[in-house]
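Read through the structure below, which is laid out as structure tokens, and then see the notes.
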Amino acid sequence: MRVKGVILSLILASVLSALHFTEVSLAQPLPGSPTIVISEISMGTSASASDEFIELYNNTKTDVDVSNWTIYYKSSTGKTWTKKASLPQNTFIHAHDYFLVASLLPNADVNLTSGLAQTGGTVVLKDANGANVDMVGWGTSDMSETQAAAPAQTDEVVYRQFDDQNQTMTDTNNNFSDFDISHTATPKMPPAVETPTPDISTTYPTITLNELLPDPVAPQSDSTDEFIELYNPNNLDVNLSGWILKDAGGGSYIIKDKIIPALGYLTITSSESSLSLNNSGDVISLYSPDNNLVDESADYGNAKPGLSWAIVGNSWNWTISPTPSTANSAIYVETDNAKPANSSKSSTAKKVSASKKAATSKVAKAKTKPTSNAASKGNQDNANTETGTTNNSLLWSWLLIALGVGTIGYGIYEYRPEIIAAYHRLAKKFSASR
């Protein structure tokens with residue numbers, strides 16, 4: 001009986017092991033971490049240095065549980081972190097919505113312990129397990145994401161750039177490029193975008209749009225490797241701080257601390273600007289700091305993977321290869337698709353018409369843009385996971401069959417006298433019946 005128990009235990013253990021393996025292998029992957037970002041910071045006002053706030057924003061399409069999350073602060077010269085706020089149990093930030101942590105504002109969701117330095121510091125948002133969710137450093141901060149954001153002065157705020165079309169805050173993990181400065185605080189609202197105040201005595205030199213790459217091919221991706229190239233036809237270097245790039249859908253990027261050399265090029269990638277060049281057509285416009293249109297690209301229509309839309313001669317053409325920060329390729333394709341270059345637009349009617357046409361293309365593009373490399377990679381990973389699970393399941397099936405055969409063979413060997421005796425009894429009974 002003891003041997004029988006051992007055999008039954010082996011069979012039961014094998015079945016349970018197979019069931020457990022199948023359950024684990026076929027389980028769906030856990031969802032990714034929620035994206036909550038620090039979207040706006042005020043370090044006080046002229047009325048009260050303690051009138052500070054830190055605004056959070058939910059970049060996702062679902063509500064996020066932020067129970068027991070915390071906010072910590074460290075000054076630019078400090079060595080220790082100070083807890084400035086704790087989010088209570090059962091706290092949620094709704095999809096694409098704001099959450100305000102403030103010291104004096106009446107509409108605050110949670111109280112903030114004041115003490116943020118105007119000149120520089122770092123705030124960190126941590127989840128309930130103490131893991132960093134987002135970090136923002138400004139001014140003289142010695143700790144930030146890549147590079148600290150520019151410091152705000154009294155009655156100014158630092159705010160994260162906002163993509164109104166997609167209702168998301170820009171997050172390239174570079175505080176300097178992600179954040180701008182505004183004189184208008186907008187707690188629990190989209191940021192108030194400001195352009196530099198123009199100096200009416202300033203005459204800005206001509207800068208032209210020279211090349212666009214709307215659809216890079218693998219291993220490059222749309223989110224990081226699309227680019228806009230500018231050309232400086234002047235015999236002097238030009239500081240482009242305050243110049244603005246805009247796409248047809250209303251997205252904008254304010255250039256900061258960039259100098260384009262005389263007779264040289266400046267390439268700005270999508271990872272830096274967060275501007276998306278739509279695959280069904282788009283128009284990029286360049287504005288001087290006084291908000292005057294300086295140049296505008298022709299609408300390229302349907303993008304051609306791996307090819308750049310560039311100035312060749314006096315026309316926009318699809319060139320055979322991208323040439324960021326160098327002279328454009330003279331080899332181009334589809335000459336019947338060439339479009340005259342636009343320079344220094346002055347006709348309001350032309351600008352309105354171009355914007356409407358491009359906006360229409362932008363809306364159509366929203367449904368046609370190919371999946372990014374990151375998404376493609378995710379799909380490939382899922383396919384590989386499913387293949388691996390299938391192979392493992394086949395292996396376990398063969399192992400179970402082998403174990404079953406072995407168990408039966410062992411049973412026959414262990415109980416062979418009883419089996420032989422039963423055989424003889426059956427044989428005698430069969431002979432007697434005859």
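Residues are named by chain letter and number: chains run A, B, ... in the order of the structure tokens, numbers start at 1 in each chain, and ligands are numbered from 1 in the order shown.
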Next item on the list: Find the residues around segment 132-143 of chain A up to 9 Å (only C-alpha atoms counted), leave out those fewer than 5 positions away in its own chain, and share them as a PyMOL selection string.
Entry: chain A and resi 34-38+74-77+118-127+148-152+158+173-176
Next item on the list: Please provide the set of residues having any atom within 9 Å of Ala303 of chain A, restricted to only C-alpha atoms, with same-chain residues fewer than 2 positions apart removed, written as a list in words.
Entry: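 Returned residues: Leu213, Pro214, Asp215, Asn278, Asn279, Ser280, Gly281, Tyr300, Gly301, Pro305, Gly306, Leu307, Ser308 and Trp309 of chain A.
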With C-alpha atoms kept, could you save the residues just selected as an mmCIF file, in the first residue's frame?
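In the end it all went to out30.cif:
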```cif
data_model
loop_
_atom_site.group_PDB
_atom_site.id
_atom_site.type_symbol
_atom_site.label_atom_id
_atom_site.label_comp_id
_atom_site.auth_asym_id
_atom_site.auth_seq_id
_atom_site.Cartn_x
_atom_site.Cartn_y
_atom_site.Cartn_z
ATOM 1 C CA LEU A 213 12.388 63.757 -41.654
ATOM 2 C CA PRO A 214 8.752 62.766 -40.956
ATOM 3 C CA ASP A 215 9.022 58.968 -41.011
ATOM 4 C CA ASN A 278 2.503 63.538 -39.267
ATOM 5 C CA ASN A 279 2.839 60.815 -41.870
ATOM 6 C CA SER A 280 -0.196 61.957 -43.856
ATOM 7 C CA GLY A 281 1.156 65.483 -44.285
ATOM 8 C CA TYR A 300 4.697 66.990 -47.993
ATOM 9 C CA GLY A 301 1.520 64.894 -48.187
ATOM 10 C CA PRO A 305 9.640 55.996 -45.036
ATOM 11 C CA GLY A 306 13.304 56.811 -44.588
ATOM 12 C CA LEU A 307 13.300 59.743 -47.036
ATOM 13 C CA SER A 308 13.595 63.408 -46.093
ATOM 14 C CA TRP A 309 11.502 66.314 -47.358
#
```
Next item on the list: List every residue of segment 179-305 of chain A that DSSP, applied to the backbone, labels as strand (DSSP E or B), and write the result as a VMD selection string.
Entry: chain A and resid 179 to 182 208 to 213 227 to 231 238 to 239 244 to 246 252 to 254 259 to 260 265 to 269 285 to 287 293 to 296
For the residues selected in the previous step, produce a file with N, CA and C atoms as an mmCIF file, in the first residue's frame.
```
data_model
loop_
_atom_site.group_PDB
_atom_site.id
_atom_site.type_symbol
_atom_site.label_atom_id
_atom_site.label_comp_id
_atom_site.auth_asym_id
_atom_site.auth_seq_id
_atom_site.Cartn_x
_atom_site.Cartn_y
_atom_site.Cartn_z
ATOM 1 N N PHE A 179 10.519 72.103 -19.385
ATOM 2 C CA PHE A 179 9.893 73.178 -18.616
ATOM 3 C C PHE A 179 10.213 74.558 -19.194
ATOM 4 N N ASP A 180 9.226 75.455 -19.090
ATOM 5 C CA ASP A 180 9.383 76.854 -19.455
ATOM 6 C C ASP A 180 8.962 77.721 -18.273
ATOM 7 N N ILE A 181 9.059 79.029 -18.462
ATOM 8 C CA ILE A 181 8.745 79.985 -17.391
ATOM 9 C C ILE A 181 7.580 80.858 -17.823
ATOM 10 N N SER A 182 6.692 81.162 -16.869
ATOM 11 C CA SER A 182 5.550 82.025 -17.160
ATOM 12 C C SER A 182 5.305 82.976 -15.997
ATOM 13 N N THR A 208 16.017 79.866 -42.511
ATOM 14 C CA THR A 208 15.091 79.097 -43.337
ATOM 15 C C THR A 208 14.951 77.660 -42.845
ATOM 16 N N LEU A 209 13.776 77.100 -43.109
ATOM 17 C CA LEU A 209 13.570 75.671 -42.914
ATOM 18 C C LEU A 209 14.201 74.938 -44.094
ATOM 19 N N ASN A 210 14.974 73.893 -43.812
ATOM 20 C CA ASN A 210 15.783 73.296 -44.867
ATOM 21 C C ASN A 210 15.500 71.813 -45.123
ATOM 22 N N GLU A 211 15.095 71.070 -44.064
ATOM 23 C CA GLU A 211 14.900 69.636 -44.241
ATOM 24 C C GLU A 211 14.035 69.097 -43.106
ATOM 25 N N LEU A 212 13.147 68.146 -43.444
ATOM 26 C CA LEU A 212 12.300 67.471 -42.467
ATOM 27 C C LEU A 212 12.424 65.970 -42.670
ATOM 28 N N LEU A 213 12.438 65.220 -41.572
ATOM 29 C CA LEU A 213 12.388 63.757 -41.654
ATOM 30 C C LEU A 213 11.128 63.311 -40.910
ATOM 31 N N PHE A 227 13.191 64.789 -37.399
ATOM 32 C CA PHE A 227 13.935 66.022 -37.160
ATOM 33 C C PHE A 227 13.473 67.147 -38.071
ATOM 34 N N ILE A 228 13.762 68.365 -37.599
ATOM 35 C CA ILE A 228 13.544 69.598 -38.347
ATOM 36 C C ILE A 228 14.901 70.278 -38.448
ATOM 37 N N GLU A 229 15.310 70.597 -39.664
ATOM 38 C CA GLU A 229 16.619 71.228 -39.858
ATOM 39 C C GLU A 229 16.435 72.665 -40.339
ATOM 40 N N LEU A 230 17.189 73.576 -39.708
ATOM 41 C CA LEU A 230 17.192 74.991 -40.096
ATOM 42 C C LEU A 230 18.517 75.318 -40.770
ATOM 43 N N TYR A 231 18.491 76.344 -41.617
ATOM 44 C CA TYR A 231 19.713 76.797 -42.295
ATOM 45 C C TYR A 231 19.883 78.298 -42.088
ATOM 46 N N VAL A 238 23.861 83.168 -35.470
ATOM 47 C CA VAL A 238 22.590 83.720 -34.991
ATOM 48 C C VAL A 238 22.147 82.951 -33.750
ATOM 49 N N ASN A 239 21.861 83.707 -32.680
ATOM 50 C CA ASN A 239 21.311 83.113 -31.457
ATOM 51 C C ASN A 239 19.810 82.923 -31.651
ATOM 52 N N ILE A 244 10.535 80.218 -32.492
ATOM 53 C CA ILE A 244 9.477 79.243 -32.232
ATOM 54 C C ILE A 244 9.222 78.386 -33.476
ATOM 55 N N LEU A 245 9.122 77.082 -33.253
ATOM 56 C CA LEU A 245 8.697 76.152 -34.295
ATOM 57 C C LEU A 245 7.275 75.703 -33.988
ATOM 58 N N LYS A 246 6.423 75.683 -35.008
ATOM 59 C CA LYS A 246 5.041 75.246 -34.818
ATOM 60 C C LYS A 246 4.672 74.247 -35.906
ATOM 61 N N SER A 252 3.859 73.518 -30.456
ATOM 62 C CA SER A 252 4.922 74.517 -30.586
ATOM 63 C C SER A 252 6.125 74.142 -29.742
ATOM 64 N N TYR A 253 7.264 74.662 -30.142
ATOM 65 C CA TYR A 253 8.512 74.439 -29.413
ATOM 66 C C TYR A 253 9.306 75.735 -29.433
ATOM 67 N N ILE A 254 9.610 76.257 -28.243
ATOM 68 C CA ILE A 254 10.402 77.478 -28.120
ATOM 69 C C ILE A 254 11.875 77.089 -28.015
ATOM 70 N N ILE A 259 22.590 78.267 -30.891
ATOM 71 C CA ILE A 259 23.239 79.170 -31.843
ATOM 72 C C ILE A 259 23.455 78.410 -33.147
ATOM 73 N N ILE A 260 22.986 78.982 -34.236
ATOM 74 C CA ILE A 260 23.177 78.375 -35.546
ATOM 75 C C ILE A 260 24.328 79.109 -36.233
ATOM 76 N N TYR A 265 23.985 74.826 -40.196
ATOM 77 C CA TYR A 265 22.716 74.139 -39.977
ATOM 78 C C TYR A 265 22.481 73.892 -38.488
ATOM 79 N N LEU A 266 21.208 73.753 -38.140
ATOM 80 C CA LEU A 266 20.819 73.354 -36.789
ATOM 81 C C LEU A 266 19.707 72.321 -36.928
ATOM 82 N N THR A 267 19.921 71.131 -36.335
ATOM 83 C CA THR A 267 18.940 70.053 -36.402
ATOM 84 C C THR A 267 18.303 69.860 -35.035
ATOM 85 N N ILE A 268 16.984 69.851 -35.000
ATOM 86 C CA ILE A 268 16.234 69.675 -33.760
ATOM 87 C C ILE A 268 15.395 68.408 -33.906
ATOM 88 N N THR A 269 15.651 67.411 -33.050
ATOM 89 C CA THR A 269 14.960 66.126 -33.136
ATOM 90 C C THR A 269 13.659 66.150 -32.352
ATOM 91 N N SER A 285 6.239 75.643 -39.354
ATOM 92 C CA SER A 285 6.417 77.087 -39.475
ATOM 93 C C SER A 285 7.475 77.560 -38.486
ATOM 94 N N LEU A 286 8.256 78.542 -38.905
ATOM 95 C CA LEU A 286 9.294 79.123 -38.054
ATOM 96 C C LEU A 286 8.958 80.586 -37.792
ATOM 97 N N TYR A 287 8.909 80.955 -36.494
ATOM 98 C CA TYR A 287 8.588 82.317 -36.090
ATOM 99 C C TYR A 287 9.770 82.930 -35.344
ATOM 100 N N LEU A 293 6.040 85.369 -38.723
ATOM 101 C CA LEU A 293 6.366 84.184 -39.509
ATOM 102 C C LEU A 293 7.576 84.466 -40.394
ATOM 103 N N VAL A 294 8.625 83.650 -40.237
ATOM 104 C CA VAL A 294 9.864 83.829 -40.996
ATOM 105 C C VAL A 294 9.918 82.876 -42.187
ATOM 106 N N ASP A 295 9.531 81.621 -41.959
ATOM 107 C CA ASP A 295 9.550 80.651 -43.054
ATOM 108 C C ASP A 295 8.568 79.534 -42.739
ATOM 109 N N GLU A 296 8.188 78.831 -43.796
ATOM 110 C CA GLU A 296 7.196 77.758 -43.655
ATOM 111 C C GLU A 296 7.479 76.697 -44.704
#
```
Residues near segment 100-108 of chain A, anyone? I mean within 7 Å using only C-alpha atoms, not counting same-chain ones fewer than 5 positions away, as a PDB file with N, CA and C atoms, in the first residue's frame.
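Listed below is the output, part_36.pdb:
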```
ATOM      1  N   SER A  50       5.781  82.369   1.072  1.00  0.00           N
ATOM      2  CA  SER A  50       5.260  81.048   1.436  1.00  0.00           C
ATOM      3  C   SER A  50       4.109  80.600   0.550  1.00  0.00           C
ATOM      4  N   ASP A  51       3.709  81.455  -0.386  1.00  0.00           N
ATOM      5  CA  ASP A  51       2.595  81.110  -1.274  1.00  0.00           C
ATOM      6  C   ASP A  51       3.111  80.206  -2.393  1.00  0.00           C
ATOM      7  N   GLU A  52       3.360  78.958  -2.051  1.00  0.00           N
ATOM      8  CA  GLU A  52       3.991  78.011  -2.976  1.00  0.00           C
ATOM      9  C   GLU A  52       3.012  76.892  -3.346  1.00  0.00           C
ATOM     10  N   PHE A  53       3.243  76.278  -4.478  1.00  0.00           N
ATOM     11  CA  PHE A  53       2.456  75.087  -4.824  1.00  0.00           C
ATOM     12  C   PHE A  53       3.236  74.195  -5.776  1.00  0.00           C
ATOM     13  N   ILE A  54       2.859  72.924  -5.752  1.00  0.00           N
ATOM     14  CA  ILE A  54       3.372  71.914  -6.678  1.00  0.00           C
ATOM     15  C   ILE A  54       2.144  71.242  -7.292  1.00  0.00           C
ATOM     16  N   GLU A  55       2.038  71.327  -8.598  1.00  0.00           N
ATOM     17  CA  GLU A  55       0.893  70.743  -9.298  1.00  0.00           C
ATOM     18  C   GLU A  55       1.302  69.417  -9.932  1.00  0.00           C
ATOM     19  N   LEU A  56       0.438  68.402  -9.786  1.00  0.00           N
ATOM     20  CA  LEU A  56       0.649  67.101 -10.408  1.00  0.00           C
ATOM     21  C   LEU A  56      -0.365  66.923 -11.527  1.00  0.00           C
ATOM     22  N   THR A 113       4.066  71.878   2.821  1.00  0.00           N
ATOM     23  CA  THR A 113       4.918  72.606   3.760  1.00  0.00           C
ATOM     24  C   THR A 113       5.851  73.489   2.948  1.00  0.00           C
ATOM     25  N   SER A 114       5.751  74.805   3.114  1.00  0.00           N
ATOM     26  CA  SER A 114       6.496  75.737   2.272  1.00  0.00           C
ATOM     27  C   SER A 114       7.990  75.700   2.578  1.00  0.00           C
ATOM     28  N   PRO A 187      -2.743  77.059 -11.471  1.00  0.00           N
ATOM     29  CA  PRO A 187      -2.982  75.816 -10.721  1.00  0.00           C
ATOM     30  C   PRO A 187      -4.279  75.146 -11.162  1.00  0.00           C
ATOM     31  N   LYS A 188      -4.196  73.836 -11.404  1.00  0.00           N
ATOM     32  CA  LYS A 188      -5.328  73.012 -11.848  1.00  0.00           C
ATOM     33  C   LYS A 188      -5.838  73.392 -13.230  1.00  0.00           C
TER      34      LYS A 188
END
```
Checklist line | Within 9 Å of Pro191 of chain A using only C-alpha atoms, minus same-chain residues under 5 positions, as a ChimeraX atom specification | finding: /A:39-40,159-162,182,184-186
Next item on the list: May I have all residues of segment 62-277 of chain A that DSSP, computed from the backbone, assigns to alpha helix (DSSP H), given as a ChimeraX atom specification?
Entry: /A:175-178,222-225,270-273
Margin query: Using only C-alpha atoms, which protein or nucleic acid residues come within 7 Å of segment 59-64 of chain A? Drop anything in the same chain fewer than 2 positions from it, and give the result as a PyMOL selection string.
Written below: chain A and resi 34-36+57+66+92-96+168-169
Check: Pick the closest to Thr224 of chain A from A:Ser271, A:Leu403, A:Trp316, A:Tyr73: which is it, counting only C-alpha atoms?
Finding: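 Selected residue with least distance to Thr224 of chain A: A:Ser271.
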Notebook entry, point to check: So what do you get for atom CA of Ser241 of chain A versus atom CA of Thr203 of chain A, distance-wise?
Noted result: 14.3 Å
Notebook entry, point to check: How many Å separate atom CA of Gly249 of chain A from atom CA of Ser297 of chain A?
Noted result: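 So the answer is 14.2 Å.
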Notebook entry, point to check: Do you have the atom CA of Ser329 of chain A-atom CA of Val312 of chain A distance handy?
Noted result: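 Separation between atom CA of Ser329 of chain A and atom CA of Val312 of chain A: 7.6 Å.
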